[in-house]
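File shown: model.txt (compact mmCIF, C-alpha atoms).
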# COMPACT_ATOMS: atom_id res chain seq x y z
CA MET A 155 13.25 24.66 14.84
CA ALA A 156 11.32 24.32 11.63
CA SER A 157 9.72 20.93 11.19
CA ALA A 158 10.04 19.06 7.93
CA VAL A 159 6.37 19.44 7.07
CA ALA A 160 5.88 19.42 3.34
CA ALA A 161 2.35 20.77 3.43
CA THR A 162 -0.07 22.54 5.75
CA ALA A 163 -3.82 22.96 5.64
CA ASP A 164 -3.21 26.19 3.74
CA GLY A 165 -1.11 24.55 1.04
CA PRO A 166 2.46 23.53 0.51
CA SER A 167 5.05 24.58 3.03
CA LEU A 168 7.41 27.43 2.20
CA LEU A 169 10.26 25.34 3.56
CA PRO A 170 12.29 23.64 0.82
CA VAL A 171 12.43 19.88 1.17
CA PRO A 172 15.74 18.19 0.31
CA PHE A 173 15.52 16.11 -2.85
CA ARG A 174 18.14 13.86 -4.39
CA VAL A 175 18.94 13.96 -8.07
CA ALA A 176 18.09 10.42 -9.14
CA GLY A 177 18.93 10.97 -12.80
CA THR A 178 19.91 13.57 -15.35
CA ARG A 179 19.57 13.65 -19.09
CA GLN A 180 20.98 16.29 -21.40
CA ASP A 181 18.25 17.13 -23.91
CA THR A 182 19.98 19.87 -25.91
CA HIS A 183 23.14 21.94 -25.69
CA ASP A 184 21.62 24.03 -22.87
CA THR A 185 18.75 21.97 -21.49
CA TRP A 186 18.73 19.10 -19.00
CA THR A 187 15.96 16.97 -17.51
CA LEU A 188 16.33 16.12 -13.83
CA THR A 189 14.57 13.27 -12.08
CA LEU A 190 14.22 14.02 -8.37
CA GLU A 191 13.35 11.90 -5.34
CA PRO A 192 12.82 13.08 -1.75
CA ARG A 193 15.80 12.35 0.50
CA ALA A 194 13.75 11.86 3.64
CA GLY A 195 10.63 12.93 5.41
CA PRO A 196 7.12 13.20 4.09
CA PRO A 197 6.71 13.53 0.34
CA LEU A 198 5.38 16.67 -1.19
CA PRO A 199 1.69 16.79 -2.09
CA VAL A 200 0.77 15.31 -5.46
CA PHE A 201 1.60 17.58 -8.42
CA ALA A 202 -0.87 18.01 -11.28
CA PRO A 203 0.26 18.68 -14.87
CA GLY A 204 0.74 22.40 -15.31
CA GLN A 205 1.82 23.09 -11.75
CA PHE A 206 5.33 24.12 -10.85
CA ALA A 207 7.88 23.73 -8.09
CA MET A 208 10.40 26.16 -6.72
CA LEU A 209 13.76 24.47 -7.21
CA TYR A 210 16.48 25.68 -4.86
CA ALA A 211 20.11 25.41 -5.89
CA TYR A 212 21.80 25.78 -2.52
CA GLY A 213 23.83 28.93 -2.30
CA ALA A 214 22.50 30.31 -5.56
CA GLY A 215 18.74 30.73 -5.22
CA GLU A 216 15.34 29.49 -6.31
CA VAL A 217 13.61 29.35 -9.68
CA PRO A 218 10.11 28.23 -10.66
CA ILE A 219 10.16 25.20 -12.95
CA SER A 220 7.07 23.44 -14.25
CA LEU A 221 6.62 19.74 -13.88
CA SER A 222 7.61 17.87 -17.04
CA GLY A 223 6.93 14.38 -15.71
CA GLY A 224 6.23 12.38 -12.57
CA GLY A 225 4.42 14.22 -9.83
CA SER A 226 1.82 11.63 -8.98
CA ASP A 227 4.23 9.64 -6.82
CA ARG A 228 7.37 10.65 -4.94
CA THR A 229 9.26 11.35 -8.14
CA LEU A 230 9.40 14.76 -9.79
CA VAL A 231 10.74 15.39 -13.28
CA HIS A 232 11.77 18.89 -14.32
CA THR A 233 13.31 20.09 -17.56
CA VAL A 234 15.59 23.06 -17.00
CA ARG A 235 17.21 25.37 -19.49
CA ALA A 236 20.43 27.03 -18.44
CA VAL A 237 19.65 30.70 -18.98
CA GLY A 238 21.11 32.24 -15.82
CA THR A 239 23.15 31.56 -12.71
CA ILE A 240 20.58 29.47 -10.85
CA THR A 241 19.40 27.42 -13.80
CA ALA A 242 23.02 26.83 -14.83
CA ARG A 243 23.68 25.46 -11.34
CA LEU A 244 20.63 23.22 -11.57
CA CYS A 245 21.70 21.93 -14.97
CA ALA A 246 25.15 21.15 -13.58
CA LEU A 247 23.76 18.90 -10.84
CA ALA A 248 24.86 15.28 -11.00
CA GLU A 249 23.19 12.11 -9.88
CA GLY A 250 23.25 11.94 -6.09
CA ASP A 251 23.43 15.71 -5.57
CA THR A 252 20.90 17.46 -3.36
CA LEU A 253 18.66 20.42 -4.06
CA GLY A 254 15.69 21.96 -2.30
CA VAL A 255 12.14 21.67 -3.60
CA ARG A 256 8.90 23.25 -2.52
CA GLY A 257 5.51 23.03 -4.12
CA PRO A 258 3.27 22.19 -5.84
CA TYR A 259 2.21 25.67 -6.83
CA GLY A 260 -0.15 27.17 -9.35
CA THR A 261 -3.07 26.06 -11.43
CA PRO A 262 -3.11 22.84 -13.49
CA TRP A 263 -4.03 22.23 -17.10
CA PRO A 264 -7.81 21.66 -17.53
CA LEU A 265 -7.63 17.94 -18.23
CA ALA A 266 -11.06 17.24 -16.76
CA ALA A 267 -12.60 19.82 -19.08
CA ALA A 268 -10.82 18.20 -22.03
CA ALA A 269 -12.51 14.83 -21.60
CA GLY A 270 -14.65 13.97 -24.61
CA ARG A 271 -13.36 16.92 -26.62
CA ASP A 272 -10.91 17.35 -29.47
CA VAL A 273 -7.66 18.50 -27.88
CA ILE A 274 -5.02 20.72 -29.44
CA VAL A 275 -1.72 21.14 -27.64
CA VAL A 276 0.60 23.88 -28.87
CA ALA A 277 4.15 24.17 -27.56
CA GLY A 278 6.99 26.49 -28.45
CA GLY A 279 10.61 25.82 -27.52
CA ILE A 280 11.09 24.82 -23.88
CA GLY A 281 7.28 25.15 -23.64
CA LEU A 282 7.00 21.50 -24.58
CA ALA A 283 8.16 20.60 -21.06
CA PRO A 284 5.11 21.89 -19.14
CA VAL A 285 2.69 20.26 -21.61
CA ARG A 286 4.49 16.91 -21.78
CA PRO A 287 2.48 15.55 -18.82
CA VAL A 288 -0.69 16.59 -20.65
CA ILE A 289 0.35 14.78 -23.82
CA ARG A 290 1.28 11.70 -21.80
CA GLU A 291 -2.16 11.72 -20.20
CA LEU A 292 -3.86 12.13 -23.59
CA VAL A 293 -1.83 9.24 -25.00
CA GLU A 294 -2.21 6.93 -22.01
CA HIS A 295 -5.99 7.44 -21.79
CA ARG A 296 -6.60 7.91 -25.47
CA ASP A 297 -10.25 6.76 -25.32
CA ARG A 298 -11.18 9.58 -22.96
CA TYR A 299 -10.53 12.27 -25.57
CA GLY A 300 -11.54 13.13 -29.12
CA ARG A 301 -9.01 13.88 -31.83
CA VAL A 302 -5.64 14.89 -30.42
CA THR A 303 -3.24 17.21 -32.23
CA VAL A 304 0.12 18.40 -30.96
CA LEU A 305 1.77 21.38 -32.67
CA TYR A 306 5.38 21.93 -31.68
CA GLY A 307 7.59 24.79 -32.81
CA GLY A 308 11.30 25.00 -32.11
CA ARG A 309 14.30 27.10 -32.98
CA ALA A 310 16.25 24.44 -34.85
CA PRO A 311 16.12 20.65 -35.23
CA GLU A 312 18.94 20.14 -32.73
CA GLU A 313 17.03 22.16 -30.11
CA LEU A 314 13.84 20.07 -30.20
CA LEU A 315 13.09 18.29 -26.94
CA TYR A 316 12.27 14.66 -26.17
CA GLY A 317 12.98 13.41 -29.71
CA ASP A 318 12.45 9.72 -28.94
CA GLU A 319 9.23 10.31 -27.07
CA VAL A 320 7.80 12.67 -29.69
CA ALA A 321 8.60 10.07 -32.36
CA ALA A 322 6.85 7.41 -30.29
CA TRP A 323 3.75 9.57 -29.99
CA ALA A 324 3.71 10.16 -33.72
CA ALA A 325 4.19 6.44 -34.44
CA ARG A 326 1.00 5.55 -32.55
CA GLY A 327 -1.15 6.76 -35.39
CA ASP A 328 -3.95 7.98 -33.14
CA VAL A 329 -2.30 11.29 -32.28
CA VAL A 330 -1.29 13.89 -34.84
CA ILE A 331 2.12 15.39 -34.12
CA GLU A 332 3.27 18.30 -36.28
CA THR A 333 6.67 19.86 -35.74
CA ILE A 334 8.18 22.99 -37.27
CA VAL A 335 11.44 24.86 -36.74
CA ASP A 336 12.53 28.44 -37.40
CA ALA A 337 15.47 27.42 -39.60
CA ALA A 338 17.35 24.27 -40.50
CA ASP A 339 20.25 22.94 -42.47
CA ALA A 340 19.56 21.05 -45.66
CA GLY A 341 19.50 17.60 -44.06
CA TRP A 342 16.25 18.39 -42.24
CA ARG A 343 13.22 16.90 -43.98
CA GLY A 344 10.59 18.41 -41.70
CA ARG A 345 8.80 21.74 -41.78
CA VAL A 346 10.44 25.17 -41.49
CA GLY A 347 8.42 28.26 -40.58
CA LEU A 348 6.31 29.79 -37.85
CA VAL A 349 4.24 27.51 -35.62
CA THR A 350 1.04 29.27 -36.74
CA LYS A 351 1.53 27.61 -40.14
CA LEU A 352 0.57 24.35 -38.44
CA VAL A 353 -2.85 25.52 -37.28
CA PRO A 354 -4.58 24.84 -40.64
CA LEU A 355 -3.53 21.20 -40.23
CA VAL A 356 -5.64 20.79 -37.08
CA ASP A 357 -8.56 18.42 -37.52
CA ALA A 358 -11.00 19.41 -34.78
CA ASP A 359 -14.62 20.35 -34.25
CA PRO A 360 -14.41 24.01 -33.21
CA ALA A 361 -17.58 23.67 -31.13
CA ASN A 362 -16.09 20.80 -29.15
CA ALA A 363 -12.39 21.60 -29.06
CA ILE A 364 -10.05 22.76 -26.35
CA ALA A 365 -6.52 24.06 -26.81
CA MET A 366 -3.64 24.25 -24.35
CA MET A 367 -0.60 26.37 -25.19
CA CYS A 368 2.78 27.00 -23.68
CA GLY A 369 5.53 29.07 -25.21
CA PRO A 370 6.69 32.66 -25.68
CA GLU A 371 3.81 35.12 -25.31
CA PRO A 372 3.98 36.50 -28.88
CA MET A 373 3.81 32.94 -30.19
CA MET A 374 0.74 32.26 -28.05
CA ARG A 375 -0.93 35.51 -29.15
CA PHE A 376 -0.48 34.72 -32.82
CA THR A 377 -1.47 31.09 -32.40
CA ALA A 378 -4.57 32.03 -30.43
CA ALA A 379 -5.53 34.38 -33.26
CA ALA A 380 -5.03 31.58 -35.80
CA LEU A 381 -7.15 29.23 -33.68
CA GLY A 382 -9.78 31.97 -33.47
CA ASP A 383 -9.83 32.08 -37.28
CA ARG A 384 -10.66 28.37 -37.13
CA GLY A 385 -13.58 29.07 -34.78
CA ILE A 386 -11.79 28.03 -31.58
CA GLY A 387 -12.33 31.07 -29.39
CA PRO A 388 -10.45 32.28 -26.31
CA GLU A 389 -12.91 30.62 -23.94
CA SER A 390 -11.66 27.28 -25.27
CA VAL A 391 -7.97 28.15 -25.18
CA TRP A 392 -5.73 27.87 -22.12
CA VAL A 393 -2.26 29.36 -21.89
CA SER A 394 0.59 28.97 -19.44
CA LEU A 395 1.93 32.36 -18.41
CA GLU A 396 5.43 33.12 -17.30
CA ARG A 397 6.31 35.91 -14.91
CA SER A 398 8.93 36.42 -12.22
CA MET A 399 7.58 34.05 -9.60
CA LYS A 400 9.35 34.18 -6.25
CA CYS A 401 7.23 33.11 -3.26
CA GLY A 402 4.84 30.83 -5.13
CA VAL A 403 1.87 31.67 -2.93
CA GLY A 404 0.79 35.15 -4.05
CA HIS A 405 2.36 37.08 -1.17
CA CYS A 406 5.39 38.82 -2.63
CA GLY A 407 3.75 40.28 -5.73
CA HIS A 408 6.70 39.78 -8.08
CA CYS A 409 4.55 37.88 -10.58
CA GLN A 410 1.55 40.21 -10.49
CA LEU A 411 -0.21 40.58 -13.83
CA GLY A 412 -3.03 43.05 -13.31
CA PRO A 413 -5.46 41.38 -10.91
CA LEU A 414 -3.66 38.03 -11.15
CA PHE A 415 -0.79 36.60 -9.21
CA VAL A 416 0.57 34.25 -11.84
CA CYS A 417 2.06 31.91 -9.22
CA LYS A 418 -1.31 31.39 -7.55
CA ASP A 419 -3.99 32.32 -10.13
CA GLY A 420 -1.84 30.86 -12.93
CA PRO A 421 0.36 29.86 -14.57
CA VAL A 422 -2.45 28.11 -16.49
CA VAL A 423 -5.10 30.70 -17.33
CA ARG A 424 -7.96 30.75 -19.81
CA HIS A 425 -7.11 32.96 -22.76
CA ASP A 426 -10.17 35.19 -22.45
CA VAL A 427 -8.82 36.15 -19.02
CA ALA A 428 -5.17 36.31 -20.06
CA ALA A 429 -5.49 38.04 -23.44
CA PRO A 430 -6.58 41.50 -22.18
CA LEU A 431 -3.76 41.42 -19.62
CA MET A 432 -1.17 40.25 -22.12
CA ALA A 433 -2.22 43.14 -24.35
CA VAL A 434 -1.32 45.75 -21.73
CA ARG A 435 2.20 46.90 -22.46
CA GLY A 436 4.38 47.08 -19.40
CA LEU A 437 2.38 44.64 -17.31
CA MET B 1061 -7.85 12.48 -64.52
CA GLN B 1062 -8.53 16.19 -64.07
CA THR B 1063 -7.79 18.71 -66.79
CA ILE B 1064 -5.60 21.74 -66.09
CA PRO B 1065 -8.62 24.12 -65.92
CA GLU B 1066 -10.25 21.73 -63.43
CA LEU B 1067 -7.10 21.54 -61.32
CA VAL B 1068 -6.81 25.32 -61.29
CA ALA B 1069 -10.48 25.72 -60.46
CA ASP B 1070 -10.17 23.26 -57.55
CA ALA B 1071 -6.92 24.65 -56.13
CA PRO B 1072 -7.62 26.35 -52.76
CA ALA B 1073 -4.80 28.78 -53.55
CA PHE B 1074 -6.99 30.30 -56.29
CA ALA B 1075 -10.26 30.33 -54.37
CA SER B 1076 -10.21 34.13 -54.19
CA LEU B 1077 -9.97 34.54 -57.98
CA ALA B 1078 -13.04 35.16 -60.09
CA PRO B 1079 -14.02 32.05 -62.11
CA GLU B 1080 -13.22 33.75 -65.41
CA HIS B 1081 -9.79 34.68 -64.11
CA ARG B 1082 -9.11 31.09 -63.07
CA ASP B 1083 -9.97 30.06 -66.64
CA GLN B 1084 -7.60 32.69 -68.01
CA ILE B 1085 -4.59 31.62 -65.93
CA ALA B 1086 -5.22 27.95 -66.67
CA GLY B 1087 -4.11 28.71 -70.21
CA CYS B 1088 -0.62 29.40 -68.88
CA ALA B 1089 -0.40 26.25 -66.74
CA ARG B 1090 0.82 22.69 -67.00
CA ASN B 1091 1.35 19.75 -64.66
CA ARG B 1092 4.84 19.02 -63.32
CA VAL B 1093 6.35 16.27 -61.20
CA PHE B 1094 9.68 16.64 -59.42
CA GLN B 1095 11.64 13.85 -57.79
CA ASP B 1096 13.26 14.09 -54.38
CA GLY B 1097 16.12 16.58 -54.41
CA ALA B 1098 15.22 18.18 -57.74
CA MET B 1099 15.76 21.93 -58.00
CA ILE B 1100 12.42 23.46 -58.93
CA LEU B 1101 13.75 27.01 -58.69
CA ARG B 1102 17.39 28.05 -58.59
CA GLU B 1103 18.67 31.26 -56.98
CA GLY B 1104 19.78 33.89 -59.48
CA GLU B 1105 18.12 32.35 -62.51
CA PRO B 1106 15.35 34.10 -64.49
CA ALA B 1107 12.02 33.86 -62.68
CA ASP B 1108 9.93 32.68 -65.56
CA THR B 1109 7.65 30.28 -63.67
CA PHE B 1110 5.76 29.86 -60.45
CA HIS B 1111 4.01 26.84 -58.97
CA VAL B 1112 1.12 25.80 -56.83
CA ILE B 1113 2.07 22.69 -54.90
CA ARG B 1114 -0.54 19.98 -55.34
CA THR B 1115 1.22 17.45 -53.13
CA GLY B 1116 4.63 17.28 -51.49
CA ALA B 1117 7.07 19.62 -49.82
CA VAL B 1118 9.54 22.16 -51.16
CA ALA B 1119 12.44 23.59 -49.17
CA LEU B 1120 13.39 27.21 -49.85
CA GLU B 1121 17.13 27.38 -49.37
CA THR B 1122 20.11 29.60 -49.69
CA HIS B 1123 23.79 28.74 -49.50
CA VAL B 1124 25.83 29.99 -46.57
CA PRO B 1125 29.63 29.68 -46.78
CA ARG B 1126 31.09 27.11 -44.35
CA ARG B 1127 27.58 25.96 -43.45
CA GLY B 1128 26.10 24.85 -46.73
CA ALA B 1129 22.47 25.05 -47.70
CA VAL B 1130 20.15 26.56 -45.07
CA ILE B 1131 16.40 26.07 -45.26
CA VAL B 1132 14.58 29.34 -44.57
CA GLU B 1133 11.07 27.99 -45.09
CA THR B 1134 9.26 24.93 -46.35
CA LEU B 1135 6.13 24.99 -48.48
CA HIS B 1136 3.53 22.25 -48.65
CA ASP B 1137 0.28 21.10 -50.21
CA GLY B 1138 -1.70 24.05 -51.55
CA ASP B 1139 1.09 26.60 -51.09
CA LEU B 1140 2.21 29.03 -53.76
CA LEU B 1141 5.87 28.69 -54.73
CA GLY B 1142 7.59 31.70 -56.32
CA TRP B 1143 6.56 35.30 -56.78
CA SER B 1144 9.64 36.78 -58.42
CA TRP B 1145 7.97 36.23 -61.82
CA LEU B 1146 5.70 39.15 -60.98
CA VAL B 1147 8.28 41.77 -60.02
CA SER B 1148 11.09 43.14 -62.18
CA PRO B 1149 13.90 42.08 -62.68
CA TYR B 1150 12.19 38.64 -62.56
CA ARG B 1151 15.05 36.86 -60.82
CA VAL B 1152 14.70 33.89 -58.45
CA ALA B 1153 15.82 34.79 -54.92
CA PHE B 1154 16.06 31.36 -53.25
CA ASP B 1155 16.56 27.78 -54.31
CA GLY B 1156 13.41 25.67 -54.25
CA ARG B 1157 14.30 22.01 -53.71
CA ALA B 1158 11.85 19.10 -53.77
CA VAL B 1159 11.67 17.17 -50.50
CA GLY B 1160 10.28 13.86 -51.63
CA THR B 1161 8.18 13.63 -54.77
CA VAL B 1162 6.39 16.90 -55.55
CA HIS B 1163 3.44 17.44 -57.87
CA THR B 1164 2.75 21.02 -58.92
CA ILE B 1165 0.78 23.13 -61.32
CA GLU B 1166 3.44 25.20 -63.07
CA PHE B 1167 2.61 28.59 -64.56
CA ASP B 1168 4.50 30.41 -67.28
CA GLY B 1169 5.32 33.82 -65.79
CA ALA B 1170 5.69 35.67 -69.09
CA CYS B 1171 2.37 34.27 -70.30
CA LEU B 1172 0.66 35.43 -67.10
CA ARG B 1173 2.26 38.88 -67.20
CA GLY B 1174 1.01 39.29 -70.74
CA LYS B 1175 -2.52 38.40 -69.73
CA CYS B 1176 -2.37 40.70 -66.70
CA ASP B 1177 -1.17 43.61 -68.88
CA ALA B 1178 -4.03 42.97 -71.29
CA ASP B 1179 -6.65 42.61 -68.54
CA PRO B 1180 -5.99 44.82 -65.49
CA GLY B 1181 -8.94 43.16 -63.71
CA LEU B 1182 -7.09 39.84 -63.85
CA GLY B 1183 -3.86 41.58 -62.87
CA TYR B 1184 -5.44 43.16 -59.78
CA ASP B 1185 -7.13 39.92 -58.77
CA LEU B 1186 -3.88 38.01 -59.08
CA LEU B 1187 -1.87 40.71 -57.35
CA LYS B 1188 -4.22 40.66 -54.35
CA LEU B 1189 -3.79 36.91 -54.14
CA VAL B 1190 0.00 37.09 -54.24
CA ALA B 1191 0.07 40.06 -51.83
CA ALA B 1192 -1.92 38.06 -49.27
CA VAL B 1193 0.62 35.25 -49.46
CA MET B 1194 3.49 37.74 -49.23
CA LEU B 1195 1.92 39.37 -46.16
CA GLU B 1196 1.47 36.08 -44.37
CA ARG B 1197 5.04 35.02 -45.06
CA LEU B 1198 6.45 38.44 -44.17
CA GLN B 1199 4.67 38.37 -40.82
CA GLY B 1200 5.91 34.86 -40.16
CA THR B 1201 9.43 35.88 -41.08
CA ARG B 1202 9.30 38.91 -38.80
CA MET B 1203 8.15 36.73 -35.93
CA ARG B 1204 11.02 34.35 -36.51
CA LEU B 1205 13.44 37.29 -36.58
CA LEU B 1206 12.50 37.84 -32.93
CA ASP B 1207 14.14 34.50 -32.13
CA LEU B 1208 11.32 33.79 -29.70
CA TYR B 1209 12.71 30.44 -28.65
CA GLY B 1210 16.14 31.88 -27.92
CA LYS B 1211 17.33 32.70 -24.45
CA GLY B 1212 16.35 36.34 -24.57
CA LEU B 1213 12.61 36.04 -25.07
CA GLY B 1214 11.78 32.39 -24.52
For the file at hand, write its structure as structure tokens.
Amino acid sequence: MASAVAATADGPSLLPVPFRVAGTRQDTHDTWTLTLEPRAGPPLPVFAPGQFAMLYAYGAGEVPISLSGGGSDRTLVHTVRAVGTITARLCALAEGDTLGVRGPYGTPWPLAAAAGRDVIVVAGGIGLAPVRPVIRELVEHRDRYGRVTVLYGGRAPEELLYGDEVAAWAARGDVVIETIVDAADAGWRGRVGLVTKLVPLVDADPANAIAMMCGPEPMMRFTAAALGDRGIGPESVWVSLERSMKCGVGHCGHCQLGPLFVCKDGPVVRHDVAAPLMAVRGL
Amino acid sequence: MQTIPELVADAPAFASLAPEHRDQIAGCARNRVFQDGAMILREGEPADTFHVIRTGAVALETHVPRRGAVIVETLHDGDLLGWSWLVSPYRVAFDGRAVGTVHTIEFDGACLRGKCDADPGLGYDLLKLVAAVMLERLQGTRMRLLDLYGKGLG
């Protein structure tokens, strides 16, 4: 009989641990945020921002979902977009329901390397979810970092995530938040255009800046190029990659990207490593 | 208070122009202020002006039946607003609506075309400037056509 061990000396167990849905929040027409608590047994190891869990909708299957909050205690917060059968099942979960969780997996955002530097966070669409823990850390320990800029691109105003929290960050006055959408109806008073249009607004010392990006790969390619034009090179830019992650521990090979297993060597990878691989068509 | 030639000389949008060309176009320029909601450009009307936004935001819009006005792009401090003045039949393609108070340098398109015809060096310099803006916006538009944040690619 398998024991309910959440972690071994080699890393997290491959056995899903039952978690209870402690809360749900509908963020947009197709996106929900789930707050999860372990039902019983030992908690999972501590998650770091950038890492992901395999969420198991019983009877449907598993999907990798990055942490969008919690993680340092027993609580996990994941923001899930209903794009397929499994994610639709996850989004349909109600408070009190049970799902399986294993993790944490993957590499975290380089928060230690960001200390004392100007920090630029770039998110596109649902990509705001994996960087939300980073922004929370930057905001909560504001004195540890230089100038902080968050650039957020979305499809439409009604599809932007975490509206109240983003507004609260912007209201602080010590963090620059710039948002842009692809298109909007006339009532929208914010920016409309591509997220790269926001890069010239960044106030940062290129020699002492670090950028963290999460979003569709073409968006990250173009944004990285725009940051490069500002003198912020690929060695100072980190991206979160997305591939078909299945096992989470680099055994099955589904997420292989050249020499990398994105589940184990990523998802957070420095852009000078990721860029040549992202440029290979078919990888 | 800065004179029009000084404003034109200081505008980042014209940094690529030769100094003598900046002086030449300043002769076709004047200051404008638009209040929130004012139509700076209106779709279908003759394109006889263009603007460089000094401060403020302008929404480029078009009307979609049963949806109303849709913003396709916003322009901000330092951006160039309007290029239809340069290409026949000189007709505005989208509405340009002020979002908040907007200060611009407005240029008379016919005046500029006349100067460009008389001085091809100025015309080429100005065309390169406008083409660079067109290229940037075309690339941005193409990227948005991919609907990157939609379910298919996001």
Query - Contact residues around Asp336 of chain A with only C-alpha atoms at 6 Å, ignoring same-chain residues under 4 positions, as a list in words - result: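 Here the qualifying residues turn out to be Arg309, Val346 and Gly347 of chain A.
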Residue selection dump (C-alpha atoms) as an mmCIF file, in the frame of the given file:
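Written file, selection07.cif:
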data_model
loop_
_atom_site.group_PDB
_atom_site.id
_atom_site.type_symbol
_atom_site.label_atom_id
_atom_site.label_comp_id
_atom_site.auth_asym_id
_atom_site.auth_seq_id
_atom_site.Cartn_x
_atom_site.Cartn_y
_atom_site.Cartn_z
ATOM 1 C CA ARG A 309 14.300 27.100 -32.980
ATOM 2 C CA VAL A 346 10.440 25.170 -41.490
ATOM 3 C CA GLY A 347 8.420 28.260 -40.580
#
What's the 12 Å shell around Leu1206 of chain B, counting all atoms listed in the file, without same-chain residues fewer than 2 positions away, as an mmCIF file with C-alpha atoms, in the coordinates of the input?
data_model
loop_
_atom_site.group_PDB
_atom_site.id
_atom_site.type_symbol
_atom_site.label_atom_id
_atom_site.label_comp_id
_atom_site.auth_asym_id
_atom_site.auth_seq_id
_atom_site.Cartn_x
_atom_site.Cartn_y
_atom_site.Cartn_z
ATOM 1 C CA ARG A 309 14.300 27.100 -32.980
ATOM 2 C CA ASP A 336 12.530 28.440 -37.400
ATOM 3 C CA LEU A 348 6.310 29.790 -37.850
ATOM 4 C CA PRO A 370 6.690 32.660 -25.680
ATOM 5 C CA GLU A 371 3.810 35.120 -25.310
ATOM 6 C CA PRO A 372 3.980 36.500 -28.880
ATOM 7 C CA MET A 373 3.810 32.940 -30.190
ATOM 8 C CA GLN B 1199 4.670 38.370 -40.820
ATOM 9 C CA GLY B 1200 5.910 34.860 -40.160
ATOM 10 C CA THR B 1201 9.430 35.880 -41.080
ATOM 11 C CA ARG B 1202 9.300 38.910 -38.800
ATOM 12 C CA MET B 1203 8.150 36.730 -35.930
ATOM 13 C CA ARG B 1204 11.020 34.350 -36.510
ATOM 14 C CA LEU B 1208 11.320 33.790 -29.700
ATOM 15 C CA TYR B 1209 12.710 30.440 -28.650
ATOM 16 C CA GLY B 1210 16.140 31.880 -27.920
ATOM 17 C CA LYS B 1211 17.330 32.700 -24.450
ATOM 18 C CA GLY B 1212 16.350 36.340 -24.570
ATOM 19 C CA LEU B 1213 12.610 36.040 -25.070
ATOM 20 C CA GLY B 1214 11.780 32.390 -24.520
#
**Report entry** Interatomic distance, atom CA of Ala363 of chain A to atom CA of Val273 of chain A (Å, one decimal)
**Finding:** 5.8 Å
**Report entry** Ref. answer, residues at most 12 Å from (17.4, 34.9, -55.6) with all atoms listed in the file, as JSON, numbers by chain
**Finding:** {"B": [1101, 1102, 1103, 1104, 1105, 1106, 1107, 1120, 1121, 1122, 1123, 1142, 1143, 1144, 1145, 1149, 1150, 1151, 1152, 1153, 1154, 1155, 1156]}
File of the preceding selection, C-alpha atoms, as a short mmCIF file (atom, residue, chain, number, x, y, z; two decimals), keeping the file's coordinate frame:
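Result went into part.cif, see below:
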data_model
loop_
_atom_site.label_atom_id
_atom_site.label_comp_id
_atom_site.auth_asym_id
_atom_site.auth_seq_id
_atom_site.Cartn_x
_atom_site.Cartn_y
_atom_site.Cartn_z
CA LEU B 1101 13.75 27.01 -58.69
CA ARG B 1102 17.39 28.05 -58.59
CA GLU B 1103 18.67 31.26 -56.98
CA GLY B 1104 19.78 33.89 -59.48
CA GLU B 1105 18.12 32.35 -62.51
CA PRO B 1106 15.35 34.10 -64.49
CA ALA B 1107 12.02 33.86 -62.68
CA LEU B 1120 13.39 27.21 -49.85
CA GLU B 1121 17.13 27.38 -49.37
CA THR B 1122 20.11 29.60 -49.69
CA HIS B 1123 23.79 28.74 -49.50
CA GLY B 1142 7.59 31.70 -56.32
CA TRP B 1143 6.56 35.30 -56.78
CA SER B 1144 9.64 36.78 -58.42
CA TRP B 1145 7.97 36.23 -61.82
CA PRO B 1149 13.90 42.08 -62.68
CA TYR B 1150 12.19 38.64 -62.56
CA ARG B 1151 15.05 36.86 -60.82
CA VAL B 1152 14.70 33.89 -58.45
CA ALA B 1153 15.82 34.79 -54.92
CA PHE B 1154 16.06 31.36 -53.25
CA ASP B 1155 16.56 27.78 -54.31
CA GLY B 1156 13.41 25.67 -54.25
#
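When the distance limit is 7 Å and all atoms listed in the file are what count, the residues near segment 1171-1185 of chain B, minus those fewer than 2 positions from it on the same chain, are Leu1077, His1081, Ile1085, Cys1088, Asp1168, Gly1169, Leu1187, Lys1188 and Leu1189 of chain B.
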With the cut-off set at 9 Å and counting only C-alpha atoms, tabulate each residue of chain A with an atom at most that distance from an atom of chain B, showing the nearest atom pair and its distance in Å to one decimal, ordered by chain and increasing number, as a tab-separated table.
residue	atom	partner	partner_atom	distance
A:Arg235	CA	B:Lys1211	CA	8.9
A:Ala236	CA	B:Lys1211	CA	8.8
A:Val237	CA	B:Lys1211	CA	6.3
A:Gly278	CA	B:Tyr1209	CA	7.0
A:Gly279	CA	B:Tyr1209	CA	5.2
A:Ile280	CA	B:Tyr1209	CA	7.5
A:Gly281	CA	B:Gly1214	CA	8.6
A:Gly307	CA	B:Tyr1209	CA	8.7
A:Gly308	CA	B:Tyr1209	CA	6.6
A:Arg309	CA	B:Tyr1209	CA	5.7
A:Val335	CA	B:Glu1133	CA	8.9
A:Asp336	CA	B:Arg1204	CA	6.2
A:Ala337	CA	B:Val1132	CA	5.4
A:Ala338	CA	B:Ile1131	CA	5.2
A:Asp339	CA	B:Val1130	CA	4.5
A:Ala340	CA	B:Ala1129	CA	5.4
A:Gly341	CA	B:Ala1129	CA	8.8
A:Trp342	CA	B:Ile1131	CA	8.3
A:Arg343	CA	B:Val1159	CA	6.7
A:Gly344	CA	B:Thr1134	CA	8.1
A:Arg345	CA	B:Thr1134	CA	5.6
A:Val346	CA	B:Glu1133	CA	4.6
A:Gly347	CA	B:Glu1133	CA	5.2
A:Leu348	CA	B:Gly1200	CA	5.6
A:Val349	CA	B:Gly1200	CA	8.8
A:Thr350	CA	B:Gly1200	CA	8.2
A:Lys351	CA	B:Gly1200	CA	8.5
A:Gly369	CA	B:Gly1214	CA	7.1
A:Pro370	CA	B:Gly1214	CA	5.2
A:Glu371	CA	B:Gly1214	CA	8.5
A:Pro372	CA	B:Leu1208	CA	7.9
A:Met373	CA	B:Leu1208	CA	7.6
